[in-house]
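Visitor: Just passing along the structure, written as structure tokens.
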Amino acid sequence: MKYDALSTEKPRLFFDQVDARLPAMERVVHVPGDGIDRGYPLSSLQKDFVINEKIGDIPVVLFYEPGTRSVLDKSDISKGREIGTVTVFSSELDSKVLNFKSNSKGFKDDLTGSTWNITGACVKGKQKGKQLFFFHFLFKAAELF
């Protein structure tokens, strides 16, 4: 199978010029903003596990967690390429911007030392029980008003 192998120089059934800035089959996390769209190569998240960023005026954080396999790599999915899971949240909570780092237990914010999981839920520390807003929902909700 190996459809999405990073070594693939040109995807099947793709007839245009391949952009040389990234491997042809690099997965990219698209984060839409207010007229500002950003793309984050999955390989960057697989190295750092967290990206703290600002898109327009909104502070965001991308969390990465390993454990998900590509369904396009091998016929036995359990042996497929590791692609992991990515979530994107507003990193502003209670009028404060949180800056995150990854650790063995999840993601820790520098301001309160609280631990958060891949779903944006605080599971330990001063913020326990709080939830970060999914960035896409926050952006879409703003369009309604």
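Scheme for the structure tokens: letters A, B, ... for chains in order shown; per-chain residue numbers from 1; ligand numbers from 1 in order shown.
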If you run DSSP on the backbone here, which positions in chain A get strand (DSSP E)? Please write them as a ChimeraX atom specification.
Guide: /A:28-31,38-41,50-55,58-65,85-90,92-93,96-97,100-103,106-109,115-116,122-124
Visitor: So which bits of chain A end up alpha helix (DSSP H) when you DSSP the backbone, as a list in words?
Guide: Leu42, Ser43, Ser44, Leu45, Gln46, Lys47, Asp48, Phe135, His136, Phe137, Leu138, Phe139, Lys140, Ala141, Ala142, Glu143 and Leu144 of chain A
Visitor: Using only C-alpha atoms, pick whichever of A:Lys54, A:Lys96, A:Lys10, A:Lys101 has the shortest atom-to-atom distance to A:Met25.
Guide: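 Checking each of A:Lys54, A:Lys96, A:Lys10, A:Lys101 against A:Met25, counting only C-alpha atoms, the winner is A:Lys10.
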Visitor: I want to know what sits within 6 Å of stretch 127-134 of chain A, based on only C-alpha atoms, with residues of the same chain fewer than 5 positions away left out; could you give that as a list in words?
Guide: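 Once the nearby chain positions are removed, what remains is Val88, Phe89, Ser90, Gly120, Ala121 and Cys122 of chain A.
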Visitor: Would you save the residues from that selection as a CSV table (one decimal), in the first residue's frame, using C-alpha atoms?
Guide:
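So selection_7.csv came out as:
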```
chain,number,residue,atom,x,y,z
A,88,VAL,CA,-6.0,23.0,18.3
A,89,PHE,CA,-7.3,25.3,21.1
A,90,SER,CA,-7.4,28.9,22.1
A,120,GLY,CA,-7.9,20.4,26.2
A,121,ALA,CA,-9.2,19.3,29.6
A,122,CYS,CA,-7.3,20.2,32.7
```
Visitor: Identify which of the residues A:Phe63, A:Phe100, A:Tyr40, A:Phe135 lies closest to A:Thr112, counting only C-alpha atoms when measuring atom-to-atom distances.
Guide: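 Checking each of A:Phe63, A:Phe100, A:Tyr40, A:Phe135 against A:Thr112, counting only C-alpha atoms, the winner is A:Phe100.
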Visitor: Of the residues A:Thr8, A:Asn117, A:Ser95, A:Ser78, which is the one nearest to A:Tyr64, using only C-alpha atoms?
Guide: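 The shortest atom-to-atom distance to A:Tyr64 comes from A:Asn117.
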